[in-house]
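Engineer: Sharing work-v9.csv, CSV, C-alpha atoms:
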chain,number,residue,atom,x,y,z
A,1,MET,CA,235.8,153.2,177.7
A,2,ASP,CA,234.2,154.2,174.5
A,3,THR,CA,237.4,153.8,172.5
A,4,GLN,CA,238.0,150.4,174.0
A,5,ARG,CA,234.7,149.2,172.7
A,6,ARG,CA,235.4,150.7,169.3
A,7,GLU,CA,238.7,148.7,169.0
A,8,GLY,CA,237.1,145.4,170.1
A,9,GLY,CA,236.3,142.8,167.4
A,10,LEU,CA,232.6,142.9,168.0
A,11,TRP,CA,232.3,146.6,167.3
A,12,GLN,CA,234.2,146.2,164.1
A,13,MET,CA,232.0,143.4,162.9
A,14,ILE,CA,228.8,145.4,163.7
A,15,TRP,CA,230.3,148.5,162.0
A,16,ALA,CA,230.9,146.6,158.7
A,17,PHE,CA,227.5,145.0,159.0
A,18,ASP,CA,225.9,148.4,159.5
A,19,LEU,CA,227.7,149.9,156.5
A,20,ILE,CA,226.6,147.1,154.1
A,21,THR,CA,223.0,147.2,155.4
A,22,LEU,CA,222.8,151.0,155.1
A,23,ILE,CA,224.2,150.9,151.5
A,24,PHE,CA,221.6,148.3,150.5
A,25,LEU,CA,218.9,150.3,152.4
A,26,VAL,CA,219.6,153.4,150.2
A,27,ILE,CA,219.8,151.2,147.1
A,28,THR,CA,216.4,149.5,147.8
A,29,ALA,CA,214.8,152.8,148.7
A,30,ILE,CA,215.9,154.4,145.4
A,31,ILE,CA,214.9,151.4,143.3
A,32,SER,CA,211.4,151.1,144.9
A,33,LEU,CA,210.8,154.7,144.2
A,34,GLN,CA,212.1,154.6,140.6
A,35,THR,CA,210.8,151.3,139.2
A,36,LYS,CA,207.8,151.5,137.0
A,37,ASP,CA,206.4,148.1,137.8
A,38,LEU,CA,204.4,148.5,141.0
A,39,LEU,CA,204.5,144.9,142.0
A,40,SER,CA,208.3,144.8,142.0
A,41,ALA,CA,208.3,148.1,143.9
A,42,ALA,CA,206.1,146.5,146.6
A,43,MET,CA,208.5,143.5,146.8
A,44,ILE,CA,211.5,145.8,147.1
A,45,PHE,CA,209.7,147.8,149.7
A,46,GLY,CA,209.4,144.6,151.7
A,47,VAL,CA,213.2,144.1,151.3
A,48,TYR,CA,213.7,147.7,152.6
A,49,SER,CA,211.6,146.9,155.6
A,50,PHE,CA,213.6,143.8,156.3
A,51,LEU,CA,216.9,145.7,156.1
A,52,MET,CA,215.4,148.3,158.6
A,53,CYS,CA,214.6,145.3,160.8
A,54,LEU,CA,218.2,144.1,160.6
A,55,LEU,CA,219.4,147.7,161.6
A,56,TRP,CA,217.0,147.8,164.6
A,57,ALA,CA,218.3,144.4,165.7
A,58,GLY,CA,221.9,145.6,165.3
A,59,MET,CA,221.1,148.6,167.5
A,60,ALA,CA,219.8,146.1,170.2
A,61,ALA,CA,216.2,147.4,169.8
A,62,VAL,CA,214.8,143.9,169.5
A,63,ASP,CA,211.1,144.9,170.1
A,64,VAL,CA,211.2,147.4,167.3
A,65,ALA,CA,212.9,145.0,165.0
A,66,PHE,CA,210.3,142.4,165.8
A,67,THR,CA,207.5,144.8,165.0
A,68,GLU,CA,209.2,146.0,161.8
A,69,SER,CA,209.7,142.4,160.5
A,70,ALA,CA,206.1,141.4,161.3
A,71,VAL,CA,204.3,144.6,160.2
A,72,GLY,CA,206.7,146.2,157.7
A,73,ALA,CA,208.2,143.2,155.9
A,74,GLY,CA,205.3,140.8,156.5
A,75,VAL,CA,201.8,142.2,156.4
A,76,SER,CA,202.2,145.6,154.8
A,77,ALA,CA,204.0,144.0,151.8
A,78,VAL,CA,201.0,141.6,151.4
A,79,PHE,CA,198.6,144.6,151.6
A,80,LEU,CA,200.6,146.5,148.9
A,81,ILE,CA,200.7,143.4,146.7
A,82,ALA,CA,197.0,142.8,147.1
A,83,THR,CA,196.3,146.4,146.2
A,84,VAL,CA,198.5,146.3,143.2
A,85,LEU,CA,196.8,143.1,141.9
A,86,ARG,CA,193.4,144.8,142.4
A,87,THR,CA,194.3,148.1,140.7
A,88,THR,CA,197.0,148.6,138.0
A,89,ARG,CA,200.4,147.2,137.8
A,90,ARG,CA,202.1,150.0,135.7
A,91,SER,CA,203.0,153.3,137.3
A,92,SER,CA,201.7,156.2,135.3
A,93,ASP,CA,204.6,158.5,136.0
B,1,MET,CA,207.5,171.5,139.5
B,2,LYS,CA,209.8,168.5,139.5
B,3,SER,CA,213.0,170.6,139.8
B,4,PHE,CA,211.3,172.5,142.7
B,5,ALA,CA,210.6,169.2,144.5
B,6,LEU,CA,214.2,168.2,143.9
B,7,ILE,CA,215.5,171.4,145.4
B,8,ALA,CA,213.2,171.0,148.4
B,9,VAL,CA,214.4,167.4,148.9
B,10,ILE,CA,218.1,168.4,148.7
B,11,VAL,CA,217.7,171.3,151.1
B,12,THR,CA,215.8,169.1,153.6
B,13,GLY,CA,218.3,166.3,153.3
B,14,TRP,CA,221.2,168.7,153.8
B,15,LEU,CA,219.5,170.1,157.0
B,16,LEU,CA,218.8,166.6,158.3
B,17,LEU,CA,222.4,165.4,157.6
B,18,SER,CA,223.9,168.5,159.1
B,19,ALA,CA,222.0,167.7,162.3
B,20,VAL,CA,223.3,164.1,162.4
B,21,SER,CA,226.7,165.3,163.7
B,22,ASP,CA,225.0,166.7,166.8
B,23,PHE,CA,223.7,163.3,167.8
B,24,PRO,CA,225.2,161.6,170.8
B,25,ASP,CA,227.4,158.6,170.1
B,26,TRP,CA,226.0,155.2,169.8
B,27,GLY,CA,225.7,153.8,173.4
B,28,ASP,CA,226.9,157.0,175.0
B,29,THR,CA,226.1,156.9,178.7
B,30,GLU,CA,226.4,160.6,179.0
B,31,SER,CA,223.8,161.6,176.4
B,32,PRO,CA,220.7,163.3,177.7
B,33,ALA,CA,218.4,160.4,176.8
B,34,ASN,CA,220.5,158.0,179.0
B,35,ASP,CA,221.5,160.5,181.7
B,36,TYR,CA,218.1,161.8,182.6
B,37,ARG,CA,216.8,160.3,185.8
B,38,LEU,CA,213.5,159.1,184.3
B,39,SER,CA,215.3,156.6,182.1
B,40,GLN,CA,217.6,155.6,185.0
B,41,HIS,CA,214.4,155.0,187.0
B,42,TYR,CA,213.0,152.7,184.2
B,43,ILE,CA,216.2,150.8,184.0
B,44,THR,CA,216.8,150.2,187.7
B,45,GLU,CA,213.2,150.1,189.1
B,46,THR,CA,211.1,148.4,186.4
B,47,PHE,CA,211.7,144.9,187.7
B,48,PRO,CA,211.2,145.7,191.4
B,49,GLU,CA,208.1,147.8,190.7
B,50,THR,CA,206.4,145.6,188.1
B,51,SER,CA,208.1,142.2,188.2
B,52,VAL,CA,208.4,142.4,184.4
B,53,PRO,CA,211.9,141.7,183.0
B,54,ASN,CA,211.3,143.2,179.6
B,55,MET,CA,211.3,146.9,180.4
B,56,VAL,CA,210.1,147.9,176.9
B,57,THR,CA,206.8,146.1,177.5
B,58,ALA,CA,206.6,147.6,181.0
B,59,VAL,CA,207.0,151.1,179.6
B,60,LEU,CA,204.6,150.4,176.8
B,61,ALA,CA,201.8,148.7,178.7
B,62,ASP,CA,202.1,150.1,182.2
B,63,TYR,CA,204.0,153.4,182.6
B,64,ARG,CA,202.7,154.7,179.2
B,65,GLY,CA,199.6,152.5,179.1
B,66,TYR,CA,197.4,155.4,178.1
B,67,ASP,CA,199.3,156.0,174.9
B,68,THR,CA,199.2,152.3,174.0
B,69,MET,CA,195.4,152.2,174.5
B,70,PHE,CA,194.9,154.9,172.0
B,71,GLU,CA,197.5,153.3,169.6
B,72,THR,CA,195.1,150.3,169.7
B,73,VAL,CA,192.2,152.7,169.0
B,74,VAL,CA,194.2,154.1,166.0
B,75,ILE,CA,194.5,150.6,164.5
B,76,PHE,CA,190.8,150.0,165.1
B,77,VAL,CA,189.9,153.3,163.4
B,78,ALA,CA,192.2,152.6,160.5
B,79,GLY,CA,190.5,149.2,159.9
B,80,ILE,CA,187.1,150.8,160.2
B,81,ALA,CA,188.1,153.6,157.7
B,82,ILE,CA,189.4,151.1,155.2
B,83,MET,CA,186.2,149.1,155.6
B,84,SER,CA,184.0,152.1,155.2
B,85,ILE,CA,185.8,153.2,152.0
B,86,LEU,CA,186.1,149.8,150.3
B,87,ARG,CA,183.3,147.6,151.6
B,88,ARG,CA,180.3,147.3,149.3
B,89,LYS,CA,177.5,144.9,148.6
B,90,PRO,CA,178.1,142.2,146.0
B,91,LEU,CA,177.2,143.5,142.5
B,92,ASP,CA,174.3,141.0,142.1
B,93,HIS,CA,171.7,143.6,141.3
B,94,LEU,CA,173.9,145.5,138.8
B,95,LYS,CA,174.5,144.8,135.2
B,96,ASP,CA,177.2,142.1,135.5
B,97,LYS,CA,174.8,139.3,136.0
B,98,GLY,CA,177.0,136.9,134.2
B,99,LYS,CA,179.7,137.3,136.9
B,100,GLU,CA,177.7,136.2,139.9
B,101,THR,CA,177.2,132.7,138.6
B,102,ARG,CA,180.9,132.0,138.3
B,103,THR,CA,182.4,130.1,141.2
B,104,TYR,CA,185.1,131.7,143.2
B,105,LYS,CA,186.8,128.5,144.2
B,106,LYS,CA,190.4,128.1,143.1
B,107,ASP,CA,191.7,124.7,142.1
B,108,PRO,CA,193.5,123.3,145.1
B,109,ASP,CA,197.3,122.9,144.6
B,110,LEU,CA,198.7,120.0,146.4
B,111,ILE,CA,202.1,121.6,147.3
B,112,ILE,CA,200.7,124.9,148.5
B,113,ASP,CA,197.8,123.2,150.3
B,114,THR,CA,200.0,120.8,152.2
B,115,THR,CA,202.6,123.4,153.1
B,116,CYS,CA,200.1,125.9,154.4
B,117,ARG,CA,198.2,123.2,156.3
B,118,LEU,CA,201.5,122.5,158.1
B,119,MET,CA,202.6,126.1,158.5
B,120,ILE,CA,199.4,127.8,159.7
B,121,PRO,CA,199.1,125.9,163.1
B,122,ILE,CA,202.8,126.6,163.8
B,123,ILE,CA,202.4,130.3,163.0
B,124,GLN,CA,199.4,130.6,165.2
B,125,LEU,CA,201.1,128.8,168.1
B,126,PHE,CA,204.1,131.1,167.7
B,127,ALA,CA,201.8,134.1,167.7
B,128,LEU,CA,200.2,132.9,170.9
B,129,TYR,CA,203.7,132.5,172.4
B,130,VAL,CA,204.7,136.0,171.3
B,131,VAL,CA,201.6,137.4,173.0
B,132,ALA,CA,201.8,135.4,176.2
B,133,HIS,CA,205.6,135.8,176.6
B,134,GLY,CA,205.6,139.4,175.6
B,135,HIS,CA,206.5,140.7,179.0
B,136,HIS,CA,209.4,138.3,179.5
B,137,SER,CA,211.0,138.5,176.0
B,138,PRO,CA,210.7,140.7,172.9
B,139,GLY,CA,207.2,140.7,171.6
B,140,GLY,CA,203.8,141.6,172.8
B,141,GLY,CA,200.2,142.3,171.7
B,142,PHE,CA,200.9,144.2,168.5
B,143,GLN,CA,203.4,141.7,167.1
B,144,GLY,CA,201.6,138.6,168.2
B,145,GLY,CA,198.3,140.0,166.9
B,146,VAL,CA,199.8,140.8,163.5
B,147,ILE,CA,201.4,137.3,163.3
B,148,PHE,CA,198.0,135.7,164.2
B,149,GLY,CA,196.3,137.8,161.6
B,150,ALA,CA,199.0,136.9,159.0
B,151,SER,CA,198.1,133.2,159.5
B,152,PHE,CA,194.6,133.9,158.4
B,153,ILE,CA,195.9,135.9,155.5
B,154,LEU,CA,198.0,132.9,154.5
B,155,LEU,CA,195.0,130.7,154.6
B,156,ALA,CA,193.1,133.2,152.4
B,157,LEU,CA,196.0,133.3,150.0
B,158,SER,CA,196.6,129.6,149.8
B,159,ARG,CA,192.9,128.6,149.4
B,160,ASP,CA,190.4,131.4,149.0
B,161,LEU,CA,188.8,134.1,151.1
B,162,GLN,CA,185.8,131.8,152.0
B,163,ALA,CA,188.1,129.3,153.6
B,164,ALA,CA,189.5,131.9,155.9
B,165,GLN,CA,186.1,133.5,156.5
B,166,ARG,CA,184.8,130.1,157.8
B,167,TRP,CA,187.1,130.8,160.8
B,168,VAL,CA,186.8,134.6,161.0
B,169,PRO,CA,183.6,135.8,159.3
B,170,GLU,CA,183.2,139.5,159.0
B,171,LYS,CA,180.8,139.8,162.0
B,172,ARG,CA,183.3,138.0,164.2
B,173,VAL,CA,186.1,140.2,163.0
B,174,LEU,CA,184.3,143.4,164.0
B,175,ASN,CA,183.3,141.8,167.4
B,176,LEU,CA,186.9,140.8,168.1
B,177,ALA,CA,188.2,144.3,167.2
B,178,GLY,CA,185.8,145.9,169.6
B,179,VAL,CA,186.3,143.4,172.3
B,180,GLY,CA,190.1,144.0,172.2
B,181,ILE,CA,189.7,147.6,173.0
B,182,LEU,CA,187.0,146.8,175.5
B,183,ILE,CA,189.4,144.5,177.4
B,184,TYR,CA,192.1,147.2,177.4
B,185,SER,CA,189.8,150.0,178.7
B,186,GLY,CA,188.1,147.5,181.0
B,187,PHE,CA,191.3,147.0,182.8
B,188,GLY,CA,191.5,150.8,183.1
B,189,PHE,CA,188.0,151.2,184.4
B,190,ALA,CA,188.4,148.3,186.8
B,191,CYS,CA,191.2,150.2,188.4
B,192,MET,CA,188.9,153.3,188.6
B,193,LEU,CA,186.1,151.3,190.2
B,194,LEU,CA,188.5,150.0,192.9
B,195,GLY,CA,189.4,153.6,193.7
B,196,SER,CA,192.6,154.2,191.9
B,197,ASN,CA,193.7,156.0,188.8
B,198,PHE,CA,192.8,154.9,185.2
B,199,LEU,CA,195.2,152.1,184.2
B,200,ASP,CA,196.9,152.1,187.6
B,201,TYR,CA,197.1,148.3,187.8
B,202,GLU,CA,198.5,148.0,191.3
B,203,ILE,CA,195.0,148.3,192.8
B,204,LEU,CA,193.9,145.2,190.9
B,205,HIS,CA,195.5,142.9,193.4
B,206,LYS,CA,192.2,143.1,195.3
B,207,ILE,CA,190.4,141.1,192.7
B,208,MET,CA,193.4,139.0,191.5
B,209,PRO,CA,195.2,136.3,193.5
B,210,ALA,CA,198.4,138.2,193.4
B,211,THR,CA,200.5,140.7,195.3
B,212,PRO,CA,200.3,144.3,194.1
B,213,ILE,CA,203.6,144.0,192.1
B,214,GLU,CA,202.5,140.8,190.4
B,215,ALA,CA,199.1,142.4,189.7
B,216,ARG,CA,200.9,144.9,187.4
B,217,SER,CA,202.6,142.0,185.5
B,218,HIS,CA,199.3,140.1,185.1
B,219,SER,CA,197.4,143.2,184.0
B,220,MET,CA,200.0,143.9,181.4
B,221,LEU,CA,199.4,140.4,180.0
B,222,GLY,CA,195.7,141.0,180.0
B,223,VAL,CA,196.1,144.3,178.2
B,224,GLU,CA,198.4,142.7,175.6
B,225,ILE,CA,195.8,140.1,174.9
B,226,GLY,CA,193.3,142.9,174.2
B,227,VAL,CA,195.7,144.6,171.8
B,228,ALA,CA,196.3,141.2,170.1
B,229,PHE,CA,192.5,140.7,169.6
B,230,THR,CA,192.2,144.1,167.9
B,231,CYS,CA,195.4,143.6,165.8
B,232,THR,CA,194.4,140.1,164.6
B,233,ALA,CA,190.9,141.2,163.6
B,234,ILE,CA,191.9,144.5,161.9
B,235,MET,CA,194.8,142.9,159.9
B,236,PHE,CA,192.5,140.3,158.5
B,237,SER,CA,189.8,142.8,157.8
B,238,ILE,CA,192.1,145.1,155.9
B,239,TYR,CA,193.5,142.2,153.9
B,240,SER,CA,190.0,140.9,153.0
B,241,ASN,CA,188.7,144.3,152.0
B,242,LEU,CA,191.8,145.0,149.8
B,243,ALA,CA,192.0,141.6,148.2
B,244,SER,CA,188.3,141.2,147.4
B,245,ASN,CA,187.8,144.8,146.2
B,246,GLY,CA,185.3,145.2,149.0
B,247,ASP,CA,182.7,142.6,148.1
B,248,MET,CA,184.2,139.8,150.2
B,249,LYS,CA,183.7,137.3,147.5
B,250,GLU,CA,186.4,137.3,144.9
B,251,THR,CA,189.9,136.6,145.9
B,252,LEU,CA,193.1,137.4,144.2
Can I see the file as structure tokens?
Structural biologist:
Amino acid sequence: MDTQRREGGLWQMIWAFDLITLIFLVITAIISLQTKDLLSAAMIFGVYSFLMCLLWAGMAAVDVAFTESAVGAGVSAVFLIATVLRTTRRSSD
Amino acid sequence: MKSFALIAVIVTGWLLLSAVSDFPDWGDTESPANDYRLSQHYITETFPETSVPNMVTAVLADYRGYDTMFETVVIFVAGIAIMSILRRKPLDHLKDKGKETRTYKKDPDLIIDTTCRLMIPIIQLFALYVVAHGHHSPGGGFQGGVIFGASFILLALSRDLQAAQRWVPEKRVLNLAGVGILIYSGFGFACMLLGSNFLDYEILHKIMPATPIEARSHSMLGVEIGVAFTCTAIMFSIYSNLASNGDMKETL
């Protein structure tokens, strides 16, 4: 039964979608850690959260995806940006 | 030090990745998580027992209601902690006397003002739908509360903090946050008063116009509303403390 689902068209599409999302997830994670500009790091962290939300939705965990998009990509990005604007924009290391 | 951290990261990453191959397949019906009779019970019996179609909400707010109550308390404590670290009186009595006379109003921008005026009611309506429909479709108190709080954050971003504080002044924020947890634990204690266990909603059919099974569904809605109160209040409180540097006057 499992192999049947793997050969179906839907599974192939989700597999490719997962691969692209995971690659971008790793890229955004590395960029948001490496960049010196904290404001753009906060923005890229929002993108990371949104990609995580897509992955949760792809795994049919819609409740988790909903929470991730509301809390991770929405509000916590705003919190980070507010903190960056109130403190310093350049990273010291 | 840095090379030591790199070695630690690489070793930990290798350990985690080597454990990935032991995971069960995606959607594997034979895996322990799916095969165990408790998850089978949730999948087959949630709707007959609680009349809630969304079994995630049923597990969250009913079967594991005690956990969710203290998750709400965690959010409350986080908001209070941020407030106790950042909140301070306006610096009127200190040396920067010149600062206090400056007005904090921003110049209104026509495009931003009009867009947000249109968006905010829709966002709030959607948040109420997410809360009220949380036990039938994805969503619930946490998500709906965060979206409702985000609408006030949008108001504070598009105008200034005072515009948002006209609707949610600081005192009301704290009251709402406490009332949310009070609603949640009130449902629990109401069950105890009627002679059942804490958060065992079935007994509430005695004071609700509903059958015992429907009482669990209605109580879940009530509990989610409590969670949404706390989330809304704390999200706006965290934002206003961070954005105003704690004095609730200046905005970004």
Engineer: Which polymer residues have any atom within 10 Å of an atom of B:Tyr129, counting all atoms listed in the file, with same-chain residues fewer than 4 positions away left out, as number ranges by chain?
Structural biologist: B: 123-125, 133-134, 139-140, 144
Engineer: Could you pull the residues within 12 Å of A:Val62, counting only C-alpha atoms, minus those fewer than 6 positions along the same chain, as a count of residues only?
Structural biologist: 17
Engineer: Residues of chain B were defined as contacting chain A if any atom lay at most 12 Å from it, counting all atoms listed in the file; please report them as number ranges by chain.
Structural biologist: B: 2, 25-30, 54-57, 60, 82, 86, 123, 127, 130, 134-154, 156-157, 231-232, 234-246, 250-252
Engineer: I need the residues from that last selection saved to file as a PDB file, in the frame of the given file (with C-alpha atoms), if you can.
Structural biologist:
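The resulting file, part_10.pdb, is shown below:
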ATOM      1  CA  LYS B   2     209.800 168.500 139.500  1.00  0.00           C
ATOM      2  CA  ASP B  25     227.400 158.600 170.100  1.00  0.00           C
ATOM      3  CA  TRP B  26     226.000 155.200 169.800  1.00  0.00           C
ATOM      4  CA  GLY B  27     225.700 153.800 173.400  1.00  0.00           C
ATOM      5  CA  ASP B  28     226.900 157.000 175.000  1.00  0.00           C
ATOM      6  CA  THR B  29     226.100 156.900 178.700  1.00  0.00           C
ATOM      7  CA  GLU B  30     226.400 160.600 179.000  1.00  0.00           C
ATOM      8  CA  ASN B  54     211.300 143.200 179.600  1.00  0.00           C
ATOM      9  CA  MET B  55     211.300 146.900 180.400  1.00  0.00           C
ATOM     10  CA  VAL B  56     210.100 147.900 176.900  1.00  0.00           C
ATOM     11  CA  THR B  57     206.800 146.100 177.500  1.00  0.00           C
ATOM     12  CA  LEU B  60     204.600 150.400 176.800  1.00  0.00           C
ATOM     13  CA  ILE B  82     189.400 151.100 155.200  1.00  0.00           C
ATOM     14  CA  LEU B  86     186.100 149.800 150.300  1.00  0.00           C
ATOM     15  CA  ILE B 123     202.400 130.300 163.000  1.00  0.00           C
ATOM     16  CA  ALA B 127     201.800 134.100 167.700  1.00  0.00           C
ATOM     17  CA  VAL B 130     204.700 136.000 171.300  1.00  0.00           C
ATOM     18  CA  GLY B 134     205.600 139.400 175.600  1.00  0.00           C
ATOM     19  CA  HIS B 135     206.500 140.700 179.000  1.00  0.00           C
ATOM     20  CA  HIS B 136     209.400 138.300 179.500  1.00  0.00           C
ATOM     21  CA  SER B 137     211.000 138.500 176.000  1.00  0.00           C
ATOM     22  CA  PRO B 138     210.700 140.700 172.900  1.00  0.00           C
ATOM     23  CA  GLY B 139     207.200 140.700 171.600  1.00  0.00           C
ATOM     24  CA  GLY B 140     203.800 141.600 172.800  1.00  0.00           C
ATOM     25  CA  GLY B 141     200.200 142.300 171.700  1.00  0.00           C
ATOM     26  CA  PHE B 142     200.900 144.200 168.500  1.00  0.00           C
ATOM     27  CA  GLN B 143     203.400 141.700 167.100  1.00  0.00           C
ATOM     28  CA  GLY B 144     201.600 138.600 168.200  1.00  0.00           C
ATOM     29  CA  GLY B 145     198.300 140.000 166.900  1.00  0.00           C
ATOM     30  CA  VAL B 146     199.800 140.800 163.500  1.00  0.00           C
ATOM     31  CA  ILE B 147     201.400 137.300 163.300  1.00  0.00           C
ATOM     32  CA  PHE B 148     198.000 135.700 164.200  1.00  0.00           C
ATOM     33  CA  GLY B 149     196.300 137.800 161.600  1.00  0.00           C
ATOM     34  CA  ALA B 150     199.000 136.900 159.000  1.00  0.00           C
ATOM     35  CA  SER B 151     198.100 133.200 159.500  1.00  0.00           C
ATOM     36  CA  PHE B 152     194.600 133.900 158.400  1.00  0.00           C
ATOM     37  CA  ILE B 153     195.900 135.900 155.500  1.00  0.00           C
ATOM     38  CA  LEU B 154     198.000 132.900 154.500  1.00  0.00           C
ATOM     39  CA  ALA B 156     193.100 133.200 152.400  1.00  0.00           C
ATOM     40  CA  LEU B 157     196.000 133.300 150.000  1.00  0.00           C
ATOM     41  CA  CYS B 231     195.400 143.600 165.800  1.00  0.00           C
ATOM     42  CA  THR B 232     194.400 140.100 164.600  1.00  0.00           C
ATOM     43  CA  ILE B 234     191.900 144.500 161.900  1.00  0.00           C
ATOM     44  CA  MET B 235     194.800 142.900 159.900  1.00  0.00           C
ATOM     45  CA  PHE B 236     192.500 140.300 158.500  1.00  0.00           C
ATOM     46  CA  SER B 237     189.800 142.800 157.800  1.00  0.00           C
ATOM     47  CA  ILE B 238     192.100 145.100 155.900  1.00  0.00           C
ATOM     48  CA  TYR B 239     193.500 142.200 153.900  1.00  0.00           C
ATOM     49  CA  SER B 240     190.000 140.900 153.000  1.00  0.00           C
ATOM     50  CA  ASN B 241     188.700 144.300 152.000  1.00  0.00           C
ATOM     51  CA  LEU B 242     191.800 145.000 149.800  1.00  0.00           C
ATOM     52  CA  ALA B 243     192.000 141.600 148.200  1.00  0.00           C
ATOM     53  CA  SER B 244     188.300 141.200 147.400  1.00  0.00           C
ATOM     54  CA  ASN B 245     187.800 144.800 146.200  1.00  0.00           C
ATOM     55  CA  GLY B 246     185.300 145.200 149.000  1.00  0.00           C
ATOM     56  CA  GLU B 250     186.400 137.300 144.900  1.00  0.00           C
ATOM     57  CA  THR B 251     189.900 136.600 145.900  1.00  0.00           C
ATOM     58  CA  LEU B 252     193.100 137.400 144.200  1.00  0.00           C
TER      59      LEU B 252
END
Engineer: One decimal, Å: what's the distance from atom CA of B:Leu176 over to atom CA of B:Ala164, could you say?
Structural biologist: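 Between atom CA of B:Leu176 and atom CA of B:Ala164 the gap is 15.3 Å.
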Engineer: Between A:Leu51, A:Ala41, A:Ile31, A:Ala77, which residue has the minimum interatomic distance to A:Asp18, considering only C-alpha atoms?
Structural biologist: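 Among the listed residues, A:Leu51 lies closest to A:Asp18.
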Engineer: Can you tell me, as a PyMOL selection string, which residues sit within 8 Å of (201.7, 150.0, 135.9) in the file's frame, using all atoms listed in the file?
Structural biologist: chain A and resi 36-38+88-92
Engineer: Tell me, in Å to one decimal, how far atom CA of B:Ala61 is from atom CA of B:Phe76.
Structural biologist: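 Pair atom CA of B:Ala61 / atom CA of B:Phe76 returns 17.5 Å.
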Engineer: Check the smallest atom-to-atom distance from each of B:Leu155, B:Cys116, B:Val77, B:Ile207 to B:Leu193 using only C-alpha atoms, then report the winner.
Structural biologist: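 The shortest atom-to-atom distance to B:Leu193 comes from B:Ile207.
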Engineer: Show me, as a compact mmCIF listing (two decimals) with C-alpha atoms, in the frame of the given file, the residues that have an atom within 12 Å of stretch 19-26 of chain A when counting only C-alpha atoms, minus same-chain residues fewer than 3 positions from it.
Structural biologist:
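After the write, out.txt holds the following:
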# COMPACT_ATOMS: atom_id res chain seq x y z
CA GLN A 12 234.20 146.20 164.10
CA MET A 13 232.00 143.40 162.90
CA ILE A 14 228.80 145.40 163.70
CA TRP A 15 230.30 148.50 162.00
CA ALA A 16 230.90 146.60 158.70
CA ALA A 29 214.80 152.80 148.70
CA ILE A 30 215.90 154.40 145.40
CA ILE A 31 214.90 151.40 143.30
CA SER A 32 211.40 151.10 144.90
CA LEU A 33 210.80 154.70 144.20
CA ILE A 44 211.50 145.80 147.10
CA PHE A 45 209.70 147.80 149.70
CA GLY A 46 209.40 144.60 151.70
CA VAL A 47 213.20 144.10 151.30
CA TYR A 48 213.70 147.70 152.60
CA SER A 49 211.60 146.90 155.60
CA PHE A 50 213.60 143.80 156.30
CA LEU A 51 216.90 145.70 156.10
CA MET A 52 215.40 148.30 158.60
CA CYS A 53 214.60 145.30 160.80
CA LEU A 54 218.20 144.10 160.60
CA LEU A 55 219.40 147.70 161.60
CA TRP A 56 217.00 147.80 164.60
CA ALA A 57 218.30 144.40 165.70
CA GLY A 58 221.90 145.60 165.30
Engineer: In Å, how far is it from atom CA of B:Gly65 to atom CA of B:Phe189?
Structural biologist: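 Interatomic distance here is 12.8 Å.
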Engineer: Which residue, B:Lys249, B:His218, B:Arg64, B:His205, has the smallest gap to B:Asp160 when you use only C-alpha atoms?
Structural biologist: B:Lys249
Engineer: Excluding B:Cys191 and any residue of its chain fewer than 2 positions from it, enumerate the residues within 12 Å of it, using only C-alpha atoms, and give them as a list of chain:residue names.
Structural biologist: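 Those residues are B:Tyr184, B:Ser185, B:Gly186, B:Phe187, B:Gly188, B:Phe189, B:Leu193, B:Leu194, B:Gly195, B:Ser196, B:Asn197, B:Phe198, B:Leu199, B:Asp200, B:Tyr201, B:Glu202, B:Ile203, B:Leu204, B:His205, B:Lys206, B:Ile207, B:Met208, B:Ala215, B:Arg216, B:Ser219.
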Engineer: Write stretch 35-43 of chain A as a CSV table (one decimal), in the coordinates of the input, completed to N, CA and C atoms.
Structural biologist:
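See rebuild.csv below for the written result:
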chain,number,residue,atom,x,y,z
A,35,THR,N,211.3,152.4,140.2
A,35,THR,CA,210.8,151.3,139.2
A,35,THR,C,209.4,151.6,138.8
A,36,LYS,N,209.1,151.3,137.5
A,36,LYS,CA,207.8,151.5,137.0
A,36,LYS,C,206.8,150.4,137.3
A,37,ASP,N,207.3,149.2,137.5
A,37,ASP,CA,206.4,148.1,137.8
A,37,ASP,C,206.1,148.1,139.3
A,38,LEU,N,204.8,148.3,139.6
A,38,LEU,CA,204.4,148.5,141.0
A,38,LEU,C,204.5,147.3,141.8
A,39,LEU,N,204.4,146.1,141.2
A,39,LEU,CA,204.5,144.9,142.0
A,39,LEU,C,205.9,144.7,142.5
A,40,SER,N,206.9,144.9,141.6
A,40,SER,CA,208.3,144.8,142.0
A,40,SER,C,208.6,145.9,143.0
A,41,ALA,N,208.0,147.1,142.9
A,41,ALA,CA,208.3,148.1,143.9
A,41,ALA,C,207.8,147.7,145.2
A,42,ALA,N,206.6,147.0,145.3
A,42,ALA,CA,206.1,146.5,146.6
A,42,ALA,C,207.0,145.5,147.2
A,43,MET,N,207.5,144.6,146.3
A,43,MET,CA,208.5,143.5,146.8
A,43,MET,C,209.7,144.2,147.4
